[in-house]
>>> print(open('structure_28.cif').read())   # mmCIF, C-alpha atoms and all ligand atoms
data_query
#
loop_
_atom_site.label_atom_id
_atom_site.label_comp_id
_atom_site.auth_asym_id
_atom_site.auth_seq_id
_atom_site.Cartn_x
_atom_site.Cartn_y
_atom_site.Cartn_z
CA MET A 869 -94.30 -41.52 62.17
CA LYS A 870 -91.15 -41.85 64.28
CA VAL A 871 -88.98 -38.79 64.72
CA LEU A 872 -85.50 -38.40 66.22
CA LEU A 873 -84.43 -34.96 67.44
CA VAL A 874 -80.71 -34.37 68.01
CA GLY A 875 -79.65 -32.01 70.82
CA GLY A 876 -80.53 -31.17 74.37
CA GLY A 877 -80.90 -27.42 74.88
CA GLY A 878 -83.77 -25.00 75.35
CA ARG A 879 -84.11 -24.66 71.59
CA GLU A 880 -84.48 -28.44 71.29
CA HIS A 881 -87.14 -28.49 74.00
CA ALA A 882 -89.12 -25.93 71.97
CA ILE A 883 -88.61 -27.95 68.76
CA ALA A 884 -89.65 -31.13 70.62
CA GLN A 885 -92.80 -29.36 71.77
CA ALA A 886 -93.63 -28.34 68.19
CA LEU A 887 -92.96 -31.88 66.91
CA LYS A 888 -95.14 -33.30 69.67
CA LYS A 889 -97.95 -30.98 68.58
CA SER A 890 -97.83 -32.36 65.02
CA SER A 891 -100.65 -34.74 64.25
CA ARG A 892 -98.17 -36.81 62.23
CA VAL A 893 -95.72 -37.69 65.02
CA ASP A 894 -96.44 -40.88 66.97
CA THR A 895 -93.09 -41.49 68.60
CA LEU A 896 -90.47 -38.89 69.48
CA TYR A 897 -86.89 -39.73 70.48
CA CYS A 898 -84.30 -37.18 71.54
CA ALA A 899 -80.51 -37.66 71.71
CA PRO A 900 -79.42 -36.81 74.32
CA GLY A 901 -82.30 -34.55 75.46
CA ASN A 902 -82.62 -33.12 78.98
CA ALA A 903 -84.91 -33.41 82.01
CA GLY A 904 -87.67 -31.32 80.39
CA ILE A 905 -87.57 -33.06 77.02
CA ALA A 906 -87.75 -36.39 78.86
CA ALA A 907 -91.34 -35.54 79.80
CA ILE A 908 -92.45 -35.49 76.14
CA ALA A 909 -89.90 -37.69 74.34
CA GLU A 910 -87.87 -40.81 74.94
CA CYS A 911 -84.33 -39.59 75.60
CA VAL A 912 -81.45 -41.75 74.39
CA PRO A 913 -77.90 -41.23 75.71
CA ILE A 914 -76.09 -40.62 72.41
CA GLY A 915 -73.86 -37.58 71.91
CA THR A 916 -74.71 -35.09 69.17
CA MET A 917 -71.34 -35.61 67.43
CA ASP A 918 -71.49 -39.43 67.46
CA PHE A 919 -72.76 -39.81 63.89
CA ASP A 920 -72.10 -43.58 63.79
CA ALA A 921 -74.25 -44.22 66.84
CA LEU A 922 -76.95 -41.77 65.70
CA THR A 923 -77.26 -43.26 62.20
CA ALA A 924 -77.23 -46.78 63.66
CA PHE A 925 -80.01 -45.81 66.08
CA ALA A 926 -82.08 -44.22 63.30
CA ALA A 927 -81.69 -47.28 61.09
CA ASP A 928 -82.42 -49.71 63.91
CA LYS A 929 -85.56 -47.90 65.12
CA GLU A 930 -86.71 -47.20 61.54
CA ILE A 931 -86.85 -43.47 62.21
CA ASP A 932 -88.82 -41.66 59.49
CA LEU A 933 -87.33 -38.23 60.09
CA THR A 934 -84.32 -36.94 62.04
CA VAL A 935 -84.19 -33.24 62.95
CA VAL A 936 -80.95 -31.35 63.70
CA SER A 937 -80.60 -27.66 64.49
CA MET A 938 -77.17 -27.35 66.13
CA ASP A 939 -74.14 -25.72 64.51
CA ASP A 940 -71.44 -28.22 65.50
CA PRO A 941 -72.97 -31.42 64.09
CA LEU A 942 -74.32 -29.58 61.01
CA CYS A 943 -70.94 -28.03 60.17
CA ALA A 944 -69.29 -31.41 60.77
CA GLY A 945 -71.58 -33.13 58.26
CA ILE A 946 -74.32 -34.92 60.21
CA VAL A 947 -76.78 -34.42 57.33
CA ASP A 948 -74.29 -35.87 54.85
CA ALA A 949 -73.70 -38.86 57.16
CA PHE A 950 -77.43 -39.63 57.39
CA GLU A 951 -78.04 -39.12 53.67
CA ALA A 952 -75.12 -41.41 52.81
CA LYS A 953 -77.01 -44.17 54.65
CA GLY A 954 -80.31 -43.34 52.95
CA LEU A 955 -81.80 -41.86 56.13
CA ARG A 956 -84.19 -38.90 55.94
CA ILE A 957 -82.97 -35.83 57.84
CA PHE A 958 -83.94 -32.17 58.21
CA GLY A 959 -80.92 -29.88 58.43
CA THR A 960 -78.17 -28.29 56.37
CA ARG A 961 -75.41 -30.19 54.55
CA ALA A 962 -71.84 -29.33 55.57
CA ASN A 963 -71.07 -27.53 52.31
CA ALA A 964 -73.89 -25.05 53.01
CA ALA A 965 -73.53 -24.97 56.83
CA ILE A 966 -70.25 -23.17 56.14
CA ILE A 967 -72.40 -20.03 55.96
CA GLU A 968 -72.26 -20.16 59.77
CA GLY A 969 -69.07 -22.18 60.19
CA SER A 970 -66.85 -19.62 58.47
CA LYS A 971 -67.44 -15.92 58.90
CA ALA A 972 -64.80 -15.31 56.21
CA PHE A 973 -66.92 -17.39 53.80
CA SER A 974 -70.15 -15.59 54.65
CA LYS A 975 -68.59 -12.12 54.41
CA ASP A 976 -67.04 -12.96 51.02
CA LEU A 977 -70.41 -14.34 49.86
CA MET A 978 -72.20 -11.13 50.83
CA LYS A 979 -69.56 -9.00 49.12
CA LYS A 980 -69.69 -11.07 45.91
CA TYR A 981 -73.49 -10.97 45.67
CA GLY A 982 -74.06 -7.42 46.92
CA ILE A 983 -75.86 -8.35 50.15
CA PRO A 984 -75.72 -5.44 52.63
CA THR A 985 -73.33 -6.03 55.55
CA ALA A 986 -70.57 -4.21 57.44
CA ALA A 987 -67.35 -3.41 55.53
CA TYR A 988 -64.57 -5.83 56.49
CA GLU A 989 -61.18 -7.41 55.82
CA VAL A 990 -60.07 -10.99 56.44
CA PHE A 991 -56.65 -11.80 57.95
CA THR A 992 -54.82 -15.11 58.34
CA ASP A 993 -51.77 -13.79 60.22
CA ALA A 994 -51.47 -11.61 63.28
CA GLU A 995 -48.83 -9.32 61.78
CA SER A 996 -50.98 -8.03 58.91
CA ALA A 997 -54.02 -7.76 61.19
CA LEU A 998 -51.99 -5.64 63.63
CA SER A 999 -50.66 -3.38 60.91
CA TYR A 1000 -54.21 -2.88 59.53
CA LEU A 1001 -55.34 -1.80 63.01
CA GLU A 1002 -52.81 1.06 63.08
CA THR A 1003 -54.82 3.15 60.64
CA ALA A 1004 -58.31 1.74 61.31
CA LYS A 1005 -61.34 3.65 62.59
CA TYR A 1006 -62.62 2.95 66.14
CA PRO A 1007 -64.66 1.34 67.62
CA ILE A 1008 -63.95 -1.75 65.53
CA VAL A 1009 -65.16 -5.37 65.63
CA LEU A 1010 -62.92 -8.48 65.64
CA LYS A 1011 -64.43 -11.87 64.84
CA ALA A 1012 -62.79 -15.28 65.02
CA SER A 1013 -63.89 -16.78 61.71
CA GLY A 1014 -64.78 -20.27 62.97
CA LEU A 1015 -67.38 -21.57 65.43
CA ALA A 1016 -66.75 -20.16 68.91
CA LEU A 1017 -70.02 -20.72 70.78
CA GLY A 1018 -71.11 -17.16 70.00
CA LYS A 1019 -68.17 -15.85 72.03
CA GLY A 1020 -65.64 -15.12 69.28
CA VAL A 1021 -66.73 -11.53 68.68
CA LEU A 1022 -64.84 -8.64 70.32
CA ILE A 1023 -65.98 -5.03 70.12
CA CYS A 1024 -62.90 -2.87 70.66
CA MET A 1025 -63.17 0.78 71.60
CA ASP A 1026 -59.61 1.79 70.72
CA HIS A 1027 -56.37 0.66 69.13
CA ALA A 1028 -54.92 -0.79 72.34
CA GLU A 1029 -57.99 -2.96 72.94
CA ALA A 1030 -57.98 -4.18 69.35
CA GLU A 1031 -54.28 -5.08 69.52
CA ALA A 1032 -54.91 -7.07 72.68
CA GLY A 1033 -57.88 -8.74 70.97
CA ILE A 1034 -55.82 -9.87 67.98
CA ARG A 1035 -53.22 -11.31 70.35
CA GLU A 1036 -55.94 -13.17 72.26
CA ILE A 1037 -57.51 -14.67 69.13
CA MET A 1038 -54.50 -15.25 66.87
CA VAL A 1039 -51.50 -15.60 69.17
CA ASP A 1040 -52.91 -17.02 72.45
CA ARG A 1041 -55.59 -18.81 70.35
CA LYS A 1042 -58.28 -18.33 72.96
CA PHE A 1043 -60.92 -19.74 70.58
CA GLY A 1044 -58.61 -22.44 69.19
CA GLU A 1045 -58.77 -23.10 65.45
CA ALA A 1046 -61.74 -20.75 65.12
CA GLY A 1047 -59.13 -17.96 65.31
CA ASP A 1048 -56.93 -19.14 62.41
CA LYS A 1049 -58.72 -16.51 60.36
CA VAL A 1050 -60.00 -13.22 61.70
CA VAL A 1051 -62.59 -10.90 60.22
CA ILE A 1052 -62.06 -7.24 61.14
CA GLU A 1053 -65.25 -5.37 60.62
CA GLU A 1054 -66.71 -1.88 60.68
CA PHE A 1055 -68.65 -1.14 63.91
CA MET A 1056 -72.35 -0.51 63.28
CA THR A 1057 -75.11 0.72 65.56
CA GLY A 1058 -78.83 0.00 65.54
CA ARG A 1059 -81.43 -2.40 66.85
CA GLU A 1060 -80.89 -6.09 66.28
CA VAL A 1061 -83.55 -8.40 64.86
CA SER A 1062 -83.44 -12.15 64.32
CA ALA A 1063 -85.21 -13.28 61.16
CA LEU A 1064 -85.45 -17.06 60.73
CA ALA A 1065 -86.49 -18.76 57.53
CA PHE A 1066 -87.20 -22.29 56.38
CA VAL A 1067 -85.36 -22.92 53.11
CA ASP A 1068 -85.61 -25.78 50.58
CA GLY A 1069 -82.61 -24.93 48.38
CA LYS A 1070 -84.42 -22.34 46.28
CA THR A 1071 -87.50 -21.03 48.12
CA TYR A 1072 -87.57 -19.47 51.58
CA LYS A 1073 -90.49 -18.97 53.96
CA LEU A 1074 -89.89 -16.40 56.67
CA MET A 1075 -90.93 -17.06 60.25
CA THR A 1076 -92.13 -14.34 62.57
CA SER A 1077 -89.43 -11.91 63.80
CA SER A 1078 -87.80 -11.91 67.24
CA GLN A 1079 -85.14 -10.16 69.27
CA ASP A 1080 -82.51 -11.65 71.55
CA HIS A 1081 -80.72 -10.05 74.55
CA LYS A 1082 -77.11 -11.22 74.36
CA ARG A 1083 -75.45 -9.44 77.29
CA ILE A 1084 -75.59 -10.86 80.81
CA GLY A 1085 -76.56 -7.63 82.60
CA ASP A 1086 -79.60 -5.36 82.65
CA GLY A 1087 -79.31 -2.45 80.23
CA ASP A 1088 -77.18 -4.58 77.85
CA THR A 1089 -74.11 -4.50 80.08
CA GLY A 1090 -71.45 -7.08 80.90
CA LEU A 1091 -70.28 -10.14 79.02
CA ASN A 1092 -71.86 -11.71 75.96
CA THR A 1093 -73.88 -14.89 76.56
CA GLY A 1094 -75.73 -17.41 74.43
CA GLY A 1095 -78.85 -15.24 74.92
CA MET A 1096 -80.67 -14.19 78.11
CA GLY A 1097 -84.18 -13.69 76.77
CA THR A 1098 -86.23 -12.95 73.68
CA PHE A 1099 -89.46 -11.44 72.47
CA SER A 1100 -91.50 -12.01 69.32
CA PRO A 1101 -92.57 -10.35 67.12
CA SER A 1102 -90.16 -7.40 67.00
CA PRO A 1103 -92.16 -4.18 66.70
CA PHE A 1104 -89.11 -2.66 64.99
CA TYR A 1105 -89.34 -5.13 62.13
CA THR A 1106 -91.76 -2.98 60.16
CA PRO A 1107 -93.36 -3.80 56.78
CA GLU A 1108 -90.87 -1.38 55.14
CA ILE A 1109 -87.91 -3.19 56.66
CA ASP A 1110 -89.44 -6.53 55.71
CA ALA A 1111 -89.82 -5.39 52.10
CA TYR A 1112 -86.21 -4.17 51.99
CA CYS A 1113 -84.88 -7.46 53.39
CA ARG A 1114 -86.96 -9.52 50.98
CA GLU A 1115 -85.57 -7.52 48.07
CA HIS A 1116 -81.92 -7.21 49.14
CA ILE A 1117 -81.14 -9.99 51.60
CA TYR A 1118 -83.25 -13.16 51.89
CA GLN A 1119 -83.77 -14.43 48.33
CA LYS A 1120 -80.36 -13.09 47.30
CA THR A 1121 -78.70 -15.22 49.97
CA VAL A 1122 -80.62 -18.36 48.99
CA ASP A 1123 -79.81 -17.77 45.31
CA ALA A 1124 -76.15 -17.01 46.10
CA MET A 1125 -75.74 -20.32 47.93
CA ALA A 1126 -77.35 -22.21 45.03
CA ALA A 1127 -75.12 -20.38 42.52
CA GLU A 1128 -72.06 -21.38 44.56
CA GLY A 1129 -73.07 -25.04 44.28
CA ARG A 1130 -74.02 -25.10 47.98
CA PRO A 1131 -77.84 -25.18 47.93
CA PHE A 1132 -79.11 -24.27 51.39
CA LYS A 1133 -81.75 -26.47 53.01
CA GLY A 1134 -82.88 -26.20 56.60
CA VAL A 1135 -83.31 -23.16 58.82
CA LEU A 1136 -81.40 -20.04 57.82
CA TYR A 1137 -81.04 -17.49 60.60
CA PHE A 1138 -80.43 -13.90 59.52
CA GLY A 1139 -78.96 -11.80 62.33
CA LEU A 1140 -79.84 -8.28 61.22
CA MET A 1141 -78.89 -4.85 62.46
CA LEU A 1142 -81.29 -2.04 61.59
CA THR A 1143 -78.83 0.79 60.96
CA ALA A 1144 -79.59 4.36 59.94
CA ASP A 1145 -78.54 3.35 56.41
CA GLY A 1146 -80.93 0.38 56.34
CA PRO A 1147 -80.81 -3.26 57.45
CA ARG A 1148 -77.42 -5.02 57.40
CA VAL A 1149 -76.57 -8.69 57.94
CA LEU A 1150 -74.53 -9.16 61.14
CA GLU A 1151 -74.30 -12.91 60.83
CA TYR A 1152 -75.89 -16.02 59.38
CA ASN A 1153 -76.61 -19.15 61.36
CA THR A 1154 -77.52 -22.49 59.87
CA ARG A 1155 -80.13 -23.36 62.49
CA PHE A 1156 -82.89 -22.10 64.75
CA GLY A 1157 -81.72 -19.51 67.29
CA ASP A 1158 -81.55 -20.18 71.00
CA PRO A 1159 -83.57 -18.67 72.74
CA GLU A 1160 -85.37 -17.24 69.66
CA THR A 1161 -86.99 -20.61 68.97
CA GLN A 1162 -88.62 -20.52 72.40
CA VAL A 1163 -90.71 -17.50 71.33
CA VAL A 1164 -91.10 -18.28 67.63
CA LEU A 1165 -92.29 -21.90 67.55
CA PRO A 1166 -95.03 -21.57 70.21
CA ARG A 1167 -96.58 -18.97 67.86
CA MET A 1168 -96.41 -21.13 64.72
CA LYS A 1169 -99.71 -22.48 63.44
CA THR A 1170 -98.46 -24.61 60.54
CA ASP A 1171 -97.54 -28.24 61.29
CA ILE A 1172 -93.74 -28.25 61.64
CA VAL A 1173 -93.39 -31.72 60.08
CA ASP A 1174 -95.17 -30.57 56.92
CA VAL A 1175 -92.73 -27.66 56.65
CA MET A 1176 -89.65 -29.81 57.30
CA ASP A 1177 -90.82 -32.36 54.74
CA ALA A 1178 -91.28 -29.59 52.16
CA CYS A 1179 -87.74 -28.31 52.83
CA ILE A 1180 -86.29 -31.77 52.25
CA ASP A 1181 -88.40 -32.39 49.13
CA GLY A 1182 -87.96 -28.92 47.58
CA THR A 1183 -91.68 -28.14 47.70
CA LEU A 1184 -91.68 -25.25 50.15
CA ASP A 1185 -93.39 -23.01 47.57
CA GLN A 1186 -96.54 -25.04 48.25
CA ILE A 1187 -96.54 -24.36 52.00
CA GLU A 1188 -98.35 -21.47 53.60
CA LEU A 1189 -96.41 -20.70 56.76
CA GLU A 1190 -98.69 -19.15 59.38
CA PHE A 1191 -98.19 -17.64 62.82
CA GLU A 1192 -100.67 -16.62 65.50
CA ASP A 1193 -101.44 -12.94 65.75
CA ASN A 1194 -100.12 -12.80 69.32
CA ALA A 1195 -96.81 -12.26 71.11
CA ALA A 1196 -94.36 -14.21 73.25
CA VAL A 1197 -91.60 -13.36 75.72
CA CYS A 1198 -88.93 -15.73 77.06
CA VAL A 1199 -86.91 -14.96 80.21
CA VAL A 1200 -83.84 -17.14 80.72
CA LEU A 1201 -83.02 -18.32 84.24
CA ALA A 1202 -79.27 -18.89 84.48
CA SER A 1203 -76.87 -20.29 87.05
CA GLY A 1204 -75.27 -17.57 89.18
CA GLY A 1205 -71.84 -16.73 87.71
CA TYR A 1206 -72.73 -17.59 84.07
CA PRO A 1207 -71.21 -16.90 81.49
CA GLN A 1208 -68.15 -17.49 83.65
CA ALA A 1209 -67.71 -20.24 86.27
CA TYR A 1210 -70.89 -21.46 87.97
CA GLU A 1211 -72.02 -24.36 90.14
CA LYS A 1212 -74.22 -27.22 88.96
CA GLY A 1213 -76.50 -29.70 90.67
CA LYS A 1214 -78.88 -27.19 92.32
CA VAL A 1215 -82.37 -28.60 92.90
CA ILE A 1216 -85.03 -26.71 90.92
CA SER A 1217 -88.46 -26.19 92.47
CA GLY A 1218 -91.73 -24.83 91.12
CA LEU A 1219 -91.68 -26.65 87.79
CA GLU A 1220 -95.07 -28.30 88.49
CA LYS A 1221 -96.76 -24.88 88.37
CA PHE A 1222 -96.44 -25.02 84.58
CA ASP A 1223 -98.50 -28.21 84.33
CA GLY A 1224 -101.73 -27.30 82.58
CA ALA A 1225 -100.93 -23.57 82.65
CA GLU A 1226 -102.13 -22.56 79.20
CA GLY A 1227 -99.92 -20.10 77.33
CA PHE A 1228 -96.94 -20.82 79.61
CA TYR A 1229 -93.91 -22.92 78.75
CA CYS A 1230 -90.90 -23.79 80.84
CA PHE A 1231 -88.27 -24.87 78.31
CA HIS A 1232 -85.37 -26.73 79.88
CA ALA A 1233 -81.86 -25.88 78.69
CA GLY A 1234 -79.31 -26.99 81.29
CA THR A 1235 -81.16 -29.47 83.48
CA LYS A 1236 -80.93 -33.16 84.29
CA LEU A 1237 -82.48 -35.69 86.64
CA ASP A 1238 -80.29 -36.61 89.61
CA GLU A 1239 -80.10 -40.07 91.19
CA GLU A 1240 -83.14 -39.34 93.34
CA GLY A 1241 -85.15 -38.31 90.29
CA ARG A 1242 -85.08 -34.58 91.12
CA VAL A 1243 -84.59 -31.99 88.39
CA VAL A 1244 -81.27 -30.23 88.99
CA THR A 1245 -79.26 -27.58 87.17
CA SER A 1246 -76.57 -28.85 84.78
CA GLY A 1247 -75.63 -25.84 82.63
CA GLY A 1248 -75.21 -22.08 82.49
CA ARG A 1249 -78.57 -21.30 80.95
CA VAL A 1250 -80.97 -23.48 82.93
CA LEU A 1251 -84.55 -22.67 81.90
CA GLY A 1252 -86.34 -20.46 79.36
CA VAL A 1253 -89.60 -19.35 80.93
CA THR A 1254 -91.92 -18.37 78.10
CA ALA A 1255 -95.40 -16.85 78.06
CA LEU A 1256 -97.81 -15.94 75.31
CA GLY A 1257 -99.99 -12.84 75.40
CA SER A 1258 -102.21 -10.94 73.06
CA THR A 1259 -99.66 -8.11 73.15
CA LEU A 1260 -95.93 -7.98 73.88
CA GLN A 1261 -96.64 -6.12 77.12
CA GLU A 1262 -99.02 -8.84 78.29
CA ALA A 1263 -96.62 -11.59 77.33
CA ARG A 1264 -93.79 -9.83 79.16
CA ALA A 1265 -95.80 -9.43 82.38
CA ALA A 1266 -96.84 -13.08 82.22
CA ALA A 1267 -93.29 -14.32 81.55
CA TYR A 1268 -91.93 -12.44 84.56
CA GLU A 1269 -94.78 -13.67 86.73
CA ALA A 1270 -94.00 -17.26 85.72
CA ALA A 1271 -90.26 -16.75 86.21
CA GLY A 1272 -91.20 -16.09 89.84
CA TRP A 1273 -92.72 -19.58 90.15
CA ILE A 1274 -89.27 -21.15 89.85
CA SER A 1275 -86.49 -21.20 92.37
CA PHE A 1276 -83.04 -22.72 92.66
CA GLU A 1277 -79.95 -21.60 94.57
CA GLY A 1278 -78.09 -18.82 92.73
CA ALA A 1279 -80.76 -18.35 90.05
CA TYR A 1280 -80.06 -15.27 87.92
CA MET A 1281 -82.18 -13.50 85.33
CA ARG A 1282 -82.24 -10.16 83.58
CA HIS A 1283 -85.09 -7.91 84.67
CA ASP A 1284 -85.38 -5.91 81.47
CA ILE A 1285 -86.16 -8.51 78.80
CA GLY A 1286 -88.49 -6.82 76.33
CA LYS A 1287 -87.95 -3.35 77.77
CA ALA A 1288 -87.24 -2.13 74.22
CA ILE A 1289 -90.86 -2.71 73.21
CA ASP A 1290 -91.94 0.31 75.27
CA ALA A 1291 -89.97 2.51 72.89
CA ALA A 1292 -92.07 1.22 69.98
CA ARG A 1293 -95.39 2.45 71.31
P1 LIG A 1301 -72.21 -12.23 65.64
O1 LIG A 1301 -71.86 -13.53 66.30
O2 LIG A 1301 -71.44 -11.95 64.41
O3 LIG A 1301 -73.68 -12.02 65.51
O4 LIG A 1301 -71.84 -11.12 66.73
C1 LIG A 1301 -72.33 -11.18 68.04
C2 LIG A 1301 -72.85 -9.82 68.45
O5 LIG A 1301 -71.82 -8.83 68.35
C3 LIG A 1301 -73.98 -9.30 67.57
O6 LIG A 1301 -75.21 -9.80 67.95
C4 LIG A 1301 -73.83 -7.80 67.79
O7 LIG A 1301 -74.44 -7.43 69.00
C5 LIG A 1301 -72.36 -7.60 67.90
N1 LIG A 1301 -71.78 -7.25 66.60
C6 LIG A 1301 -71.35 -8.10 65.65
N2 LIG A 1301 -70.89 -7.45 64.56
C7 LIG A 1301 -71.04 -6.14 64.81
C8 LIG A 1301 -70.77 -4.94 64.08
N3 LIG A 1301 -70.21 -4.97 62.87
N4 LIG A 1301 -71.07 -3.76 64.66
C9 LIG A 1301 -71.62 -3.72 65.90
N5 LIG A 1301 -71.89 -4.80 66.64
C10 LIG A 1301 -71.62 -6.01 66.13
N1 LIG A 1302 -79.54 -16.40 70.07
C1 LIG A 1302 -78.46 -16.33 69.15
C2 LIG A 1302 -78.17 -17.55 68.42
O1 LIG A 1302 -78.87 -18.54 68.51
O2 LIG A 1302 -77.19 -17.57 67.70
#
>>> encode(input="structure_28.cif", output="structure tokens")
Amino acid sequence: MKVLLVGGGGREHAIAQALKKSSRVDTLYCAPGNAGIAAIAECVPIGTMDFDALTAFAADKEIDLTVVSMDDPLCAGIVDAFEAKGLRIFGTRANAAIIEGSKAFSKDLMKKYGIPTAAYEVFTDAESALSYLETAKYPIVLKASGLALGKGVLICMDHAEAEAGIREIMVDRKFGEAGDKVVIEEFMTGREVSALAFVDGKTYKLMTSSQDHKRIGDGDTGLNTGGMGTFSPSPFYTPEIDAYCREHIYQKTVDAMAAEGRPFKGVLYFGLMLTADGPRVLEYNTRFGDPETQVVLPRMKTDIVDVMDACIDGTLDQIELEFEDNAAVCVVLASGGYPQAYEKGKVISGLEKFDGAEGFYCFHAGTKLDEEGRVVTSGGRVLGVTALGSTLQEARAAAYEAAGWISFEGAYMRHDIGKAIDAAR
């Protein structure tokens, strides 16, 4: 069959790899793709928000299945646009993608259906938000309700910081329209776990667990980023925690969306915090995580096309979703300066060392081919170097070894990805 993948990040490279592994895929296109994806798919220069051009391409090439796992196009209705033209697509319709697109919606959903999450209030004007802050408990968390590239969350240690935060989001509108509504939330502490599930509207199948590292600096310091590295599985996601989440969170969320007339199909990402009072939902995403996907999909045994088909057709209950009994670690190589200003166009060397290296993956995120055909940097997060191992420790050692194969000017990585696993022994 012919498959079109929409996107061009590290997550998409990992999805492309999984699609390529499927015995059912003959031809893989990617719009727009990147320099790494170009090695395994035919990249077409169409933007991810250009639904007219994407649907026209899918119709023209007689694409059997289109796959989308990015928040912006999903929230803007790419699935609806394809379905309106009778084109088969894996992803979430806009009316259900709101679970990520509006934090106010997802918090209200959790409250209404008794799904455990941090206590919160929603505000639509700065004045009432500021007056609420006068008697609030600190630290406190401010969240721009809309999509803000994972950057719209501020953790404020005291009243003065929170006041400044409200002004940034609601008055200076640093995150644009995303800040029209603000969620002010209780500050929680605990380990974070990412739990991703395939969902067909009524049934969910959980993937293996993982953990991201969101801060730029070693020891979880500095600014928030899109994610600097991951490991899978999370040793902190114990059978007890799994049982609790299955009873109180996963099926309840799927059922709640169906009851609201917004049946959820696609990948549902549960961002969990394991607090002393039990697991709590930090956030939902309507897609695979990045860079969680880079450690989850290389461990998946089941054919991804079979699973995606079952999600579309509502037959997920008939799928047995299986993962290898191993581990994976991904170390992100970023451009020096990220998540603030950084330079692009740096030539990357060492990529050929991954050719034929079994158990190693170099997922491209921000790369492109320059006029001379060299792979150069083109984004903040450049590569996700991933290694498998029979244990997390082995995978971590291998990922750092492989990260050393690559060089480009200004390359930056964290040196403590997966450090937390030592605490689990
Ligand atoms: P979110 O986009 O909602 O997942 O928030 C981004 C990050 O901010 C999370 O991964 C947490 O590290 C942190 N965070 C979000 N909400 C809270 C909270 N209520 N308490 C503590 N940390 C939080
Ligand atoms: N790695 C966090 C996310 O994909 O939202």
>>> closest_atom_pairs(input="structure_28.cif", of="chain A", to="ligand LIG 1302 (chain A)", cutoff="10 Å", atoms="all atoms listed in the file", output="tab-separated table")
residue	atom	partner	partner_atom	distance
A:Arg879	CA	A:LIG1302	O1	8.6
A:Met938	CA	A:LIG1302	O1	9.3
A:Asp939	CA	A:LIG1302	O2	9.3
A:Glu968	CA	A:LIG1302	O2	9.7
A:Leu1017	CA	A:LIG1302	O2	8.4
A:Gly1018	CA	A:LIG1302	O2	6.5
A:Ser1062	CA	A:LIG1302	C1	8.1
A:Ser1078	CA	A:LIG1302	N1	9.8
A:Gln1079	CA	A:LIG1302	N1	8.4
A:Asp1080	CA	A:LIG1302	N1	5.8
A:His1081	CA	A:LIG1302	N1	7.9
A:Lys1082	CA	A:LIG1302	N1	7.2
A:Thr1093	CA	A:LIG1302	N1	8.7
A:Gly1094	CA	A:LIG1302	N1	5.9
A:Gly1095	CA	A:LIG1302	N1	5.0
A:Met1096	CA	A:LIG1302	N1	8.4
A:Gly1097	CA	A:LIG1302	N1	8.6
A:Thr1098	CA	A:LIG1302	N1	8.3
A:Tyr1137	CA	A:LIG1302	O2	8.1
A:Phe1138	CA	A:LIG1302	O2	9.5
A:Gly1139	CA	A:LIG1302	O2	8.1
A:Glu1151	CA	A:LIG1302	O2	8.8
A:Tyr1152	CA	A:LIG1302	O2	8.6
A:Asn1153	CA	A:LIG1302	O2	6.6
A:Thr1154	CA	A:LIG1302	O2	9.3
A:Arg1155	CA	A:LIG1302	O1	7.8
A:Phe1156	CA	A:LIG1302	O1	6.6
A:Gly1157	CA	A:LIG1302	O1	3.2
A:Asp1158	CA	A:LIG1302	O1	4.0
A:Pro1159	CA	A:LIG1302	N1	5.3
A:Glu1160	CA	A:LIG1302	N1	5.9
A:Thr1161	CA	A:LIG1302	O1	8.4
>>> closest_residue(input="structure_28.cif", among="A:Leu1142, A:Ile1187, A:Val1199, A:Ala1263", to="ligand LIG 1301 (chain A)", atoms="all atoms listed in the file")
A:Leu1142
>>> residues_near_ligand(input="structure_28.cif", ligand="ligand LIG 1301 (chain A)", cutoff="6 Å", atoms="all atoms listed in the file", output="PyMOL selection string")
chain A and resi 986+1009+1018+1021+1053-1057+1150-1151
>>> write_last_selection(input="structure_28.cif", atoms="C-alpha atoms", output="CSV table (one decimal), in the frame of the given file")
chain,number,residue,atom,x,y,z
A,986,ALA,CA,-70.6,-4.2,57.4
A,1009,VAL,CA,-65.2,-5.4,65.6
A,1018,GLY,CA,-71.1,-17.2,70.0
A,1021,VAL,CA,-66.7,-11.5,68.7
A,1053,GLU,CA,-65.2,-5.4,60.6
A,1054,GLU,CA,-66.7,-1.9,60.7
A,1055,PHE,CA,-68.6,-1.1,63.9
A,1056,MET,CA,-72.4,-0.5,63.3
A,1057,THR,CA,-75.1,0.7,65.6
A,1150,LEU,CA,-74.5,-9.2,61.1
A,1151,GLU,CA,-74.3,-12.9,60.8
>>> residues_around(input="structure_28.cif", residues="Ser891 in chain A", least_positions_apart="3", cutoff="9 Å", atoms="only C-alpha atoms", output="list in words")
Leu887, Lys888, Asp894, Asp1171 and Val1173 of chain A
>>> atom_distance(input="structure_28.cif", atom1="CA of Val947 in chain A", atom2="CA of Ala1016 in chain A")
20.9 Å
>>> closest_residue(input="structure_28.cif", among="A:Gln1261, A:Lys1120, A:Gln1208, A:Ile1084", to="Arg1282 in chain A", atoms="all atoms listed in the file")
A:Ile1084
>>> closest_residue(input="structure_28.cif", among="A:Ala987, A:Glu995, A:Gly878, A:Ser974", to="Ala1202 in chain A", atoms="only C-alpha atoms")
A:Gly878
>>> residues_around(input="structure_28.cif", residues="Tyr1006 in chain A", least_positions_apart="4", cutoff="8 Å", atoms="only C-alpha atoms", output="ChimeraX atom specification")
/A:1024-1027,1055
>>> residues_around(input="structure_28.cif", residues="Ser970 in chain A", least_positions_apart="5", cutoff="8 Å", atoms="only C-alpha atoms", output="VMD selection string")
chain A and resid 1013 to 1015
